[in-house]
file query04.cif (mmCIF, C-alpha atoms)
data_target
#
loop_
_atom_site.group_PDB
_atom_site.id
_atom_site.type_symbol
_atom_site.label_atom_id
_atom_site.label_comp_id
_atom_site.auth_asym_id
_atom_site.auth_seq_id
_atom_site.Cartn_x
_atom_site.Cartn_y
_atom_site.Cartn_z
ATOM 1 C CA MET A 851 73.850 115.609 -117.303
ATOM 2 C CA SER A 852 70.276 115.675 -118.559
ATOM 3 C CA ARG A 853 67.345 116.967 -116.564
ATOM 4 C CA PHE A 854 63.684 116.281 -117.223
ATOM 5 C CA GLY A 855 60.581 118.411 -116.891
ATOM 6 C CA ILE A 856 56.959 118.831 -117.879
ATOM 7 C CA PHE A 857 55.049 122.087 -118.286
ATOM 8 C CA VAL A 858 51.385 121.681 -117.290
ATOM 9 C CA VAL A 859 49.446 124.313 -119.238
ATOM 10 C CA GLY A 860 45.875 125.048 -120.224
ATOM 11 C CA PRO A 861 42.975 127.438 -119.571
ATOM 12 C CA ALA A 862 41.949 128.442 -116.062
ATOM 13 C CA GLY A 863 39.848 125.737 -114.400
ATOM 14 C CA SER A 864 41.018 122.943 -116.683
ATOM 15 C CA GLY A 865 42.424 120.896 -113.781
ATOM 16 C CA LYS A 866 46.149 121.689 -114.063
ATOM 17 C CA SER A 867 46.884 121.776 -110.323
ATOM 18 C CA THR A 868 44.750 118.674 -109.729
ATOM 19 C CA PHE A 869 46.718 116.848 -112.422
ATOM 20 C CA CYS A 870 50.003 118.014 -110.862
ATOM 21 C CA SER A 871 48.891 116.672 -107.463
ATOM 22 C CA ALA A 872 47.829 113.343 -108.972
ATOM 23 C CA LEU A 873 51.130 113.079 -110.848
ATOM 24 C CA ILE A 874 53.193 113.867 -107.742
ATOM 25 C CA SER A 875 51.238 111.344 -105.671
ATOM 26 C CA HIS A 876 51.710 108.674 -108.334
ATOM 27 C CA LEU A 877 55.444 109.390 -108.611
ATOM 28 C CA LYS A 878 55.872 109.149 -104.840
ATOM 29 C CA ASN A 879 53.969 105.851 -104.747
ATOM 30 C CA SER A 880 56.235 104.606 -107.547
ATOM 31 C CA LYS A 881 59.378 105.642 -105.593
ATOM 32 C CA ARG A 882 60.287 108.264 -108.190
ATOM 33 C CA SER A 883 61.659 111.672 -107.277
ATOM 34 C CA CYS A 884 60.110 114.929 -108.428
ATOM 35 C CA VAL A 885 60.353 118.692 -108.004
ATOM 36 C CA TYR A 886 57.157 120.750 -107.934
ATOM 37 C CA VAL A 887 57.473 124.288 -109.330
ATOM 38 C CA ASN A 888 54.484 126.599 -108.937
ATOM 39 C CA LEU A 889 54.416 129.354 -111.572
ATOM 40 C CA ASP A 890 50.811 130.349 -110.854
ATOM 41 C CA PRO A 891 50.675 133.428 -108.591
ATOM 42 C CA ALA A 892 46.942 132.912 -107.990
ATOM 43 C CA ALA A 893 47.427 129.463 -106.439
ATOM 44 C CA ASP A 894 47.472 129.502 -102.651
ATOM 45 C CA GLU A 895 46.243 126.037 -101.666
ATOM 46 C CA PHE A 896 48.245 122.925 -102.514
ATOM 47 C CA ASP A 897 47.942 119.209 -101.850
ATOM 48 C CA PHE A 898 51.747 119.134 -101.963
ATOM 49 C CA GLU A 899 53.782 122.157 -100.927
ATOM 50 C CA PRO A 900 55.773 123.494 -103.909
ATOM 51 C CA ASP A 901 59.534 123.023 -103.817
ATOM 52 C CA VAL A 902 59.817 126.254 -105.822
ATOM 53 C CA ASP A 903 57.123 128.961 -105.670
ATOM 54 C CA ILE A 904 57.137 132.059 -107.876
ATOM 55 C CA LYS A 905 55.499 134.019 -105.028
ATOM 56 C CA ASP A 906 58.771 133.688 -103.106
ATOM 57 C CA LEU A 907 60.490 135.775 -105.782
ATOM 58 C CA ILE A 908 58.347 138.907 -105.370
ATOM 59 C CA SER A 909 54.878 139.828 -104.185
ATOM 60 C CA LEU A 910 52.007 140.357 -106.599
ATOM 61 C CA GLU A 911 51.492 143.932 -105.441
ATOM 62 C CA ASP A 912 55.129 144.902 -105.983
ATOM 63 C CA VAL A 913 55.416 143.501 -109.493
ATOM 64 C CA MET A 914 52.067 144.960 -110.629
ATOM 65 C CA GLU A 915 53.099 148.399 -109.344
ATOM 66 C CA GLU A 916 56.601 148.210 -110.809
ATOM 67 C CA MET A 917 55.754 146.768 -114.245
ATOM 68 C CA GLN A 918 52.180 148.022 -114.696
ATOM 69 C CA LEU A 919 51.064 144.513 -115.660
ATOM 70 C CA GLY A 920 48.443 142.094 -114.402
ATOM 71 C CA PRO A 921 49.409 139.481 -111.773
ATOM 72 C CA ASN A 922 50.241 136.557 -114.056
ATOM 73 C CA GLY A 923 51.917 138.485 -116.855
ATOM 74 C CA GLY A 924 53.758 140.658 -114.339
ATOM 75 C CA LEU A 925 55.211 137.805 -112.326
ATOM 76 C CA MET A 926 56.158 135.754 -115.371
ATOM 77 C CA ALA A 927 57.841 138.767 -116.984
ATOM 78 C CA PHE A 928 59.673 139.480 -113.738
ATOM 79 C CA LEU A 929 60.761 135.832 -113.587
ATOM 80 C CA MET A 930 62.326 136.128 -117.049
ATOM 81 C CA GLU A 931 64.415 139.024 -115.729
ATOM 82 C CA ASN A 932 65.524 136.950 -112.732
ATOM 83 C CA LEU A 933 66.294 133.542 -114.172
ATOM 84 C CA ASP A 934 69.297 133.240 -111.890
ATOM 85 C CA TRP A 935 66.796 132.928 -109.001
ATOM 86 C CA LEU A 936 65.038 130.030 -110.729
ATOM 87 C CA GLU A 937 68.342 128.315 -111.507
ATOM 88 C CA SER A 938 69.354 128.642 -107.857
ATOM 89 C CA GLU A 939 66.019 127.263 -106.631
ATOM 90 C CA LEU A 940 66.171 124.285 -108.966
ATOM 91 C CA GLY A 941 69.658 123.565 -107.631
ATOM 92 C CA GLU A 942 71.495 120.440 -108.686
ATOM 93 C CA THR A 943 68.446 118.540 -109.877
ATOM 94 C CA THR A 944 69.610 115.231 -111.310
ATOM 95 C CA GLU A 945 68.298 113.042 -114.113
ATOM 96 C CA GLU A 946 66.415 110.961 -111.534
ATOM 97 C CA TYR A 947 63.980 113.818 -110.916
ATOM 98 C CA LEU A 948 60.950 114.897 -112.916
ATOM 99 C CA THR A 949 60.422 118.656 -112.568
ATOM 100 C CA ILE A 950 56.739 119.585 -112.771
ATOM 101 C CA PHE A 951 56.011 123.201 -113.757
ATOM 102 C CA ASP A 952 52.451 124.197 -112.795
ATOM 103 C CA CYS A 953 51.643 127.163 -115.066
ATOM 104 C CA PRO A 954 49.086 129.998 -114.857
ATOM 105 C CA GLY A 955 45.737 129.704 -116.607
ATOM 106 C CA GLN A 956 46.229 132.747 -118.846
ATOM 107 C CA ILE A 957 46.660 130.989 -122.189
ATOM 108 C CA GLU A 958 48.126 134.084 -123.844
ATOM 109 C CA LEU A 959 51.356 133.334 -121.938
ATOM 110 C CA TYR A 960 51.963 130.323 -124.172
ATOM 111 C CA SER A 961 49.702 130.883 -127.166
ATOM 112 C CA HIS A 962 50.951 134.207 -128.512
ATOM 113 C CA VAL A 963 53.154 135.945 -125.896
ATOM 114 C CA PRO A 964 56.746 134.614 -125.933
ATOM 115 C CA ILE A 965 57.280 134.524 -122.145
ATOM 116 C CA LEU A 966 56.812 130.792 -121.582
ATOM 117 C CA PRO A 967 58.447 129.759 -124.888
ATOM 118 C CA ASN A 968 61.518 131.788 -123.886
ATOM 119 C CA LEU A 969 61.560 130.086 -120.485
ATOM 120 C CA CYS A 970 61.451 126.668 -122.180
ATOM 121 C CA LYS A 971 64.354 127.638 -124.440
ATOM 122 C CA HIS A 972 66.403 128.849 -121.481
ATOM 123 C CA LEU A 973 65.831 125.652 -119.505
ATOM 124 C CA SER A 974 66.693 123.507 -122.518
ATOM 125 C CA GLN A 975 69.787 125.415 -123.604
ATOM 126 C CA SER A 976 71.244 126.588 -120.289
ATOM 127 C CA LEU A 977 70.193 123.864 -117.839
ATOM 128 C CA ASN A 978 70.049 120.924 -120.268
ATOM 129 C CA TYR A 979 66.385 120.162 -119.599
ATOM 130 C CA SER A 980 64.505 117.730 -121.810
ATOM 131 C CA LEU A 981 60.980 119.126 -121.719
ATOM 132 C CA CYS A 982 57.472 118.369 -122.826
ATOM 133 C CA ALA A 983 54.173 120.210 -122.391
ATOM 134 C CA SER A 984 50.775 118.856 -121.440
ATOM 135 C CA TYR A 985 47.866 121.036 -122.553
ATOM 136 C CA LEU A 986 44.674 120.360 -120.613
ATOM 137 C CA ILE A 987 41.117 121.173 -121.619
ATOM 138 C CA GLU A 988 38.003 120.039 -119.789
ATOM 139 C CA SER A 989 36.315 116.909 -121.101
ATOM 140 C CA THR A 990 32.980 118.772 -120.837
ATOM 141 C CA PHE A 991 34.081 120.626 -123.991
ATOM 142 C CA VAL A 992 33.068 117.569 -126.005
ATOM 143 C CA VAL A 993 29.433 118.270 -125.058
ATOM 144 C CA ASP A 994 29.643 121.829 -126.394
ATOM 145 C CA LYS A 995 31.195 121.406 -129.860
ATOM 146 C CA ALA A 996 31.986 125.101 -130.263
ATOM 147 C CA LYS A 997 34.035 125.055 -127.043
ATOM 148 C CA PHE A 998 35.877 121.929 -128.181
ATOM 149 C CA PHE A 999 36.589 123.612 -131.499
ATOM 150 C CA ALA A 1000 38.102 126.623 -129.700
ATOM 151 C CA GLY A 1001 40.032 124.367 -127.307
ATOM 152 C CA THR A 1002 41.531 122.415 -130.200
ATOM 153 C CA LEU A 1003 42.612 125.634 -131.864
ATOM 154 C CA SER A 1004 44.221 126.989 -128.677
ATOM 155 C CA ALA A 1005 46.005 123.669 -128.112
ATOM 156 C CA MET A 1006 47.446 123.844 -131.619
ATOM 157 C CA SER A 1007 48.527 127.446 -131.029
ATOM 158 C CA ALA A 1008 50.387 126.420 -127.861
ATOM 159 C CA MET A 1009 52.044 123.486 -129.671
ATOM 160 C CA ILE A 1010 53.377 125.785 -132.381
ATOM 161 C CA MET A 1011 54.457 128.484 -129.922
ATOM 162 C CA LEU A 1012 56.240 126.326 -127.323
ATOM 163 C CA GLU A 1013 58.169 124.187 -129.838
ATOM 164 C CA ILE A 1014 58.629 121.256 -127.434
ATOM 165 C CA PRO A 1015 57.070 117.746 -127.452
ATOM 166 C CA HIS A 1016 53.409 118.166 -126.647
ATOM 167 C CA LEU A 1017 50.547 116.120 -125.182
ATOM 168 C CA ASN A 1018 46.930 117.263 -125.345
ATOM 169 C CA ILE A 1019 44.761 115.976 -122.519
ATOM 170 C CA LEU A 1020 41.006 115.840 -121.904
ATOM 171 C CA SER A 1021 40.811 116.249 -118.131
ATOM 172 C CA LYS A 1022 38.008 115.511 -115.654
ATOM 173 C CA MET A 1023 36.787 112.515 -117.652
ATOM 174 C CA ASP A 1024 34.565 111.460 -114.742
ATOM 175 C CA LEU A 1025 32.290 114.433 -115.533
ATOM 176 C CA VAL A 1026 31.200 113.075 -118.933
ATOM 177 C CA LYS A 1027 30.980 109.357 -118.232
ATOM 178 C CA ASN A 1028 27.196 109.409 -118.300
ATOM 179 C CA GLN A 1029 26.852 112.059 -121.007
ATOM 180 C CA VAL A 1030 29.000 110.787 -123.873
ATOM 181 C CA SER A 1031 29.241 107.226 -125.207
ATOM 182 C CA LYS A 1032 32.623 105.604 -125.843
ATOM 183 C CA ARG A 1033 31.918 105.602 -129.566
ATOM 184 C CA GLU A 1034 31.107 109.317 -129.540
ATOM 185 C CA LEU A 1035 34.184 110.078 -127.418
ATOM 186 C CA LYS A 1036 36.505 108.484 -129.988
ATOM 187 C CA ARG A 1037 35.529 111.233 -132.439
ATOM 188 C CA PHE A 1038 37.188 113.748 -130.115
ATOM 189 C CA LEU A 1039 40.313 111.851 -129.065
ATOM 190 C CA ASP A 1040 41.567 111.968 -132.654
ATOM 191 C CA PRO A 1041 39.284 114.704 -133.983
ATOM 192 C CA ASP A 1042 37.992 114.825 -137.516
ATOM 193 C CA PRO A 1043 37.587 118.598 -138.025
ATOM 194 C CA THR A 1044 35.161 118.166 -140.908
ATOM 195 C CA MET A 1045 32.710 116.138 -138.792
ATOM 196 C CA ILE A 1046 33.031 118.599 -135.905
ATOM 197 C CA ALA A 1047 32.426 121.532 -138.246
ATOM 198 C CA THR A 1048 29.087 120.004 -139.252
ATOM 199 C CA ASP A 1049 28.037 119.974 -135.594
ATOM 200 C CA ILE A 1050 29.236 123.546 -135.069
ATOM 201 C CA HIS A 1051 27.348 124.808 -138.133
ATOM 202 C CA ALA A 1052 24.171 123.602 -136.453
ATOM 203 C CA GLN A 1053 24.965 125.697 -133.357
ATOM 204 C CA THR A 1054 26.183 128.937 -134.937
ATOM 205 C CA ASN A 1055 24.768 131.734 -137.043
ATOM 206 C CA PRO A 1056 25.109 130.992 -140.801
ATOM 207 C CA LYS A 1057 27.215 134.115 -141.261
ATOM 208 C CA PHE A 1058 29.965 132.390 -139.247
ATOM 209 C CA HIS A 1059 29.952 129.156 -141.295
ATOM 210 C CA ARG A 1060 32.648 130.388 -143.673
ATOM 211 C CA LEU A 1061 34.863 131.259 -140.691
ATOM 212 C CA ASN A 1062 34.234 127.806 -139.196
ATOM 213 C CA GLU A 1063 35.342 126.175 -142.445
ATOM 214 C CA CYS A 1064 38.536 128.252 -142.558
ATOM 215 C CA VAL A 1065 39.428 127.210 -139.018
ATOM 216 C CA VAL A 1066 38.662 123.575 -139.890
ATOM 217 C CA ASN A 1067 41.022 123.774 -142.860
ATOM 218 C CA LEU A 1068 43.729 125.229 -140.625
ATOM 219 C CA ILE A 1069 43.421 122.406 -138.075
ATOM 220 C CA GLU A 1070 43.252 119.801 -140.833
ATOM 221 C CA ASP A 1071 46.332 121.197 -142.615
ATOM 222 C CA PHE A 1072 48.479 120.864 -139.496
ATOM 223 C CA SER A 1073 46.896 117.532 -138.488
ATOM 224 C CA MET A 1074 48.717 117.560 -135.144
ATOM 225 C CA VAL A 1075 46.024 117.637 -132.478
ATOM 226 C CA SER A 1076 44.866 114.487 -130.724
ATOM 227 C CA PHE A 1077 43.878 113.949 -127.104
ATOM 228 C CA LEU A 1078 44.565 111.575 -124.217
ATOM 229 C CA LYS A 1079 41.988 110.869 -121.508
ATOM 230 C CA LEU A 1080 42.704 111.805 -117.892
ATOM 231 C CA GLU A 1081 40.831 110.911 -114.736
ATOM 232 C CA SER A 1082 43.050 112.238 -111.944
ATOM 233 C CA GLN A 1083 41.599 109.949 -109.256
ATOM 234 C CA ASN A 1084 42.360 106.851 -111.337
ATOM 235 C CA GLU A 1085 45.913 105.510 -110.905
ATOM 236 C CA ASP A 1086 45.866 103.657 -114.218
ATOM 237 C CA SER A 1087 44.831 106.830 -116.038
ATOM 238 C CA VAL A 1088 47.635 108.847 -114.424
ATOM 239 C CA GLN A 1089 50.165 106.093 -115.173
ATOM 240 C CA ALA A 1090 49.107 106.055 -118.825
ATOM 241 C CA ILE A 1091 49.731 109.817 -119.095
ATOM 242 C CA LEU A 1092 53.072 109.462 -117.294
ATOM 243 C CA SER A 1093 54.155 106.784 -119.783
ATOM 244 C CA TYR A 1094 53.543 109.220 -122.642
ATOM 245 C CA VAL A 1095 55.462 111.927 -120.756
ATOM 246 C CA ASP A 1096 58.433 109.603 -120.216
ATOM 247 C CA ASP A 1097 58.480 108.736 -123.919
ATOM 248 C CA CYS A 1098 58.375 112.414 -124.903
ATOM 249 C CA ILE A 1099 61.277 113.468 -122.675
ATOM 250 C CA GLY A 1100 63.322 110.268 -123.070
ATOM 251 C CA TRP A 1101 63.438 109.641 -119.319
ATOM 252 C CA SER A 1102 63.759 105.843 -119.487
ATOM 253 C CA GLU A 1103 66.684 106.024 -121.918
ATOM 254 C CA VAL A 1104 69.090 107.440 -119.317
ATOM 255 C CA GLN A 1105 68.034 105.451 -116.258
ATOM 256 C CA GLU A 1106 70.476 102.941 -114.844
ATOM 257 C CA PRO A 1107 69.289 99.311 -114.761
ATOM 258 C CA GLN A 1108 68.339 98.317 -111.215
ATOM 259 C CA MET A 1109 70.469 95.313 -110.222
ATOM 260 C CA LYS A 1110 69.408 93.015 -107.414
ATOM 261 C CA ASP A 1111 71.754 92.745 -104.432
ATOM 262 C CA GLY A 1112 71.381 88.994 -104.128
ATOM 263 C CA PRO A 1113 71.236 86.134 -106.634
ATOM 264 C CA ASP A 1114 68.170 85.845 -108.812
ATOM 265 C CA GLU A 1115 65.926 83.382 -106.956
ATOM 266 C CA ASP A 1116 63.814 82.614 -110.036
ATOM 267 C CA TRP A 1117 66.957 81.709 -111.986
ATOM 268 C CA GLN A 1118 68.117 79.395 -109.211
ATOM 269 C CA GLU A 1119 64.751 77.647 -108.990
ATOM 270 C CA ASN A 1120 64.689 77.013 -112.763
ATOM 271 C CA ASN A 1121 68.119 75.445 -112.685
ATOM 272 C CA GLU A 1122 67.714 73.139 -109.710
#
call {"tool": "encode", "arguments": {"input": "query04.cif", "output": "structure tokens"}}
result
Amino acid sequence: MSRFGIFVVGPAGSGKSTFCSALISHLKNSKRSCVYVNLDPAADEFDFEPDVDIKDLISLEDVMEEMQLGPNGGLMAFLMENLDWLESELGETTEEYLTIFDCPGQIELYSHVPILPNLCKHLSQSLNYSLCASYLIESTFVVDKAKFFAGTLSAMSAMIMLEIPHLNILSKMDLVKNQVSKRELKRFLDPDPTMIATDIHAQTNPKFHRLNECVVNLIEDFSMVSFLKLESQNEDSVQAILSYVDDCIGWSEVQEPQMKDGPDEDWQENNE
């Protein structure tokens, strides 16, 4: 039996928990089942109470003292040593559920430290999860080209590291509605690194221009990074993201057709 899940990742403050809440609300309104897994030890206020919370495994103080690590790295490392707890908490989740993993904002956990990639592999291989990742960066990054440049690079790093289907999302789109035109925004949804590099050259010291060009060539060589727009308070925006998620994980392919209990009234009317 297949299971389905999405890892919501990105820098601190990028709107991950807000997106999770919007996604859960939309799923509930659409009569779809979901499981909310909080992997962020710093999160203590939720719109929807997590079904699984990493803070129930061990306290921050205990893991920091025992492993001599910071709160996020310590708890995630401790989780990897206690995967039987996570398996027990997830229980007999069926293919009807979408499991939403709300991840910490320390991007090193999925950009160059193998903790989260190993968790993804375990869920895929041991629990038969079909997974995808959504990497969020703030839409305000498009105003500061250097920040967008760095965000694009970190998104690509996470894509390569996690090795699962991947969606890159510009969150908090309501913040830039009056700052960036639709035409200008299109440059960032499917970024042309060469054009962006020209903008960054104008903002950086000339001694860094050669480095900028090297990074541009790296992004251009992989040619993998594009972005979707997200406005969490807009149902249509959330539904559009969910459609991409469903395509990535193959959710619709295993769902049973919903048969009506009674005869099809439209069919009867057309044949009278």
call {"tool": "residues_around", "arguments": {"input": "query04.cif", "residues": "Gln1089 of chain A", "least_positions_apart": "4", "cutoff": "10 Å", "atoms": "all atoms listed in the file", "output": "PyMOL selection string"}}
result
chain A and resi 872-873+876-877+880+1080+1082+1084-1085+1093-1095
call {"tool": "atom_distance", "arguments": {"input": "query04.cif", "atom1": "atom CA of Thr1048 of chain A", "atom2": "atom CA of Val1065 of chain A"}}
result
12.6 Å
call {"tool": "resolve_selection", "arguments": {"input": "query04.cif", "expression": "the PyMOL selection byres ((chain A and resi 953) around 7)", "output": "list in words"}}
result
Phe857, Val858, Val859, Asn888, Leu889, Asp890, Phe951, Asp952, Pro954 and Gly955 of chain A
call {"tool": "resolve_selection", "arguments": {"input": "query04.cif", "expression": "the PyMOL selection byres ((chain A and resi 985-994) around 8)", "output": "PyMOL selection string"}}
result
chain A and resi 858-861+864-866+983-984+995-998+1001+1005+1008+1016-1023+1025-1026+1029-1030+1035+1038
call {"tool": "write_last_selection", "arguments": {"input": "query04.cif", "atoms": "C-alpha atoms", "output": "PDB file, in the frame of the given file"}}
result
ATOM      1  CA  VAL A 858      51.385 121.681-117.290  1.00  0.00           C
ATOM      2  CA  VAL A 859      49.446 124.313-119.238  1.00  0.00           C
ATOM      3  CA  GLY A 860      45.875 125.048-120.224  1.00  0.00           C
ATOM      4  CA  PRO A 861      42.975 127.438-119.571  1.00  0.00           C
ATOM      5  CA  SER A 864      41.018 122.943-116.683  1.00  0.00           C
ATOM      6  CA  GLY A 865      42.424 120.896-113.781  1.00  0.00           C
ATOM      7  CA  LYS A 866      46.149 121.689-114.063  1.00  0.00           C
ATOM      8  CA  ALA A 983      54.173 120.210-122.391  1.00  0.00           C
ATOM      9  CA  SER A 984      50.775 118.856-121.440  1.00  0.00           C
ATOM     10  CA  LYS A 995      31.195 121.406-129.860  1.00  0.00           C
ATOM     11  CA  ALA A 996      31.986 125.101-130.263  1.00  0.00           C
ATOM     12  CA  LYS A 997      34.035 125.055-127.043  1.00  0.00           C
ATOM     13  CA  PHE A 998      35.877 121.929-128.181  1.00  0.00           C
ATOM     14  CA  GLY A1001      40.032 124.367-127.307  1.00  0.00           C
ATOM     15  CA  ALA A1005      46.005 123.669-128.112  1.00  0.00           C
ATOM     16  CA  ALA A1008      50.387 126.420-127.861  1.00  0.00           C
ATOM     17  CA  HIS A1016      53.409 118.166-126.647  1.00  0.00           C
ATOM     18  CA  LEU A1017      50.547 116.120-125.182  1.00  0.00           C
ATOM     19  CA  ASN A1018      46.930 117.263-125.345  1.00  0.00           C
ATOM     20  CA  ILE A1019      44.761 115.976-122.519  1.00  0.00           C
ATOM     21  CA  LEU A1020      41.006 115.840-121.904  1.00  0.00           C
ATOM     22  CA  SER A1021      40.811 116.249-118.131  1.00  0.00           C
ATOM     23  CA  LYS A1022      38.008 115.511-115.654  1.00  0.00           C
ATOM     24  CA  MET A1023      36.787 112.515-117.652  1.00  0.00           C
ATOM     25  CA  LEU A1025      32.290 114.433-115.533  1.00  0.00           C
ATOM     26  CA  VAL A1026      31.200 113.075-118.933  1.00  0.00           C
ATOM     27  CA  GLN A1029      26.852 112.059-121.007  1.00  0.00           C
ATOM     28  CA  VAL A1030      29.000 110.787-123.873  1.00  0.00           C
ATOM     29  CA  LEU A1035      34.184 110.078-127.418  1.00  0.00           C
ATOM     30  CA  PHE A1038      37.188 113.748-130.115  1.00  0.00           C
TER      31      PHE A1038
END
call {"tool": "resolve_selection", "arguments": {"input": "query04.cif", "expression": "the PyMOL selection byres ((chain A and resi 1098) around 8)", "output": "PDB file with C-alpha atoms, in the frame of the given file"}}
result
ATOM      1  CA  LEU A 981      60.980 119.126-121.719  1.00  0.00           C
ATOM      2  CA  CYS A 982      57.472 118.369-122.826  1.00  0.00           C
ATOM      3  CA  PRO A1015      57.070 117.746-127.452  1.00  0.00           C
ATOM      4  CA  HIS A1016      53.409 118.166-126.647  1.00  0.00           C
ATOM      5  CA  TYR A1094      53.543 109.220-122.642  1.00  0.00           C
ATOM      6  CA  VAL A1095      55.462 111.927-120.756  1.00  0.00           C
ATOM      7  CA  ASP A1096      58.433 109.603-120.216  1.00  0.00           C
ATOM      8  CA  ASP A1097      58.480 108.736-123.919  1.00  0.00           C
ATOM      9  CA  ILE A1099      61.277 113.468-122.675  1.00  0.00           C
ATOM     10  CA  GLY A1100      63.322 110.268-123.070  1.00  0.00           C
TER      11      GLY A1100
END
call {"tool": "atom_distance", "arguments": {"input": "query04.cif", "atom1": "atom CA of Ile1069 of chain A", "atom2": "atom CA of Ser867 of chain A"}}
result
28.0 Å
call {"tool": "axis_aligned_box", "arguments": {"input": "query04.cif", "around": "segment 869-887 of chain A", "padding_each_side": "3 Å", "output": "JSON"}}
result
{"center_x": 54.2, "center_y": 114.4, "center_z": -108.6, "size_x": 20.9, "size_y": 25.7, "size_z": 13.7}
call {"tool": "atom_distance", "arguments": {"input": "query04.cif", "atom1": "atom CA of Thr944 of chain A", "atom2": "atom CA of Val887 of chain A"}}
result
15.3 Å
call {"tool": "closest_residue", "arguments": {"input": "query04.cif", "among": "A:Ile957, A:Val1066, A:Leu929, A:Leu1078", "to": "Lys1036 of chain A", "atoms": "all atoms listed in the file"}}
result
A:Leu1078
call {"tool": "closest_residue", "arguments": {"input": "query04.cif", "among": "A:Cys870, A:Leu933, A:Ala1090, A:Ile1046", "to": "Phe898 of chain A", "atoms": "all atoms listed in the file"}}
result
A:Cys870
call {"tool": "closest_residue", "arguments": {"input": "query04.cif", "among": "A:Leu948, A:Ala893, A:Met930, A:Met851", "to": "Gly863 of chain A", "atoms": "only C-alpha atoms"}}
result
A:Ala893
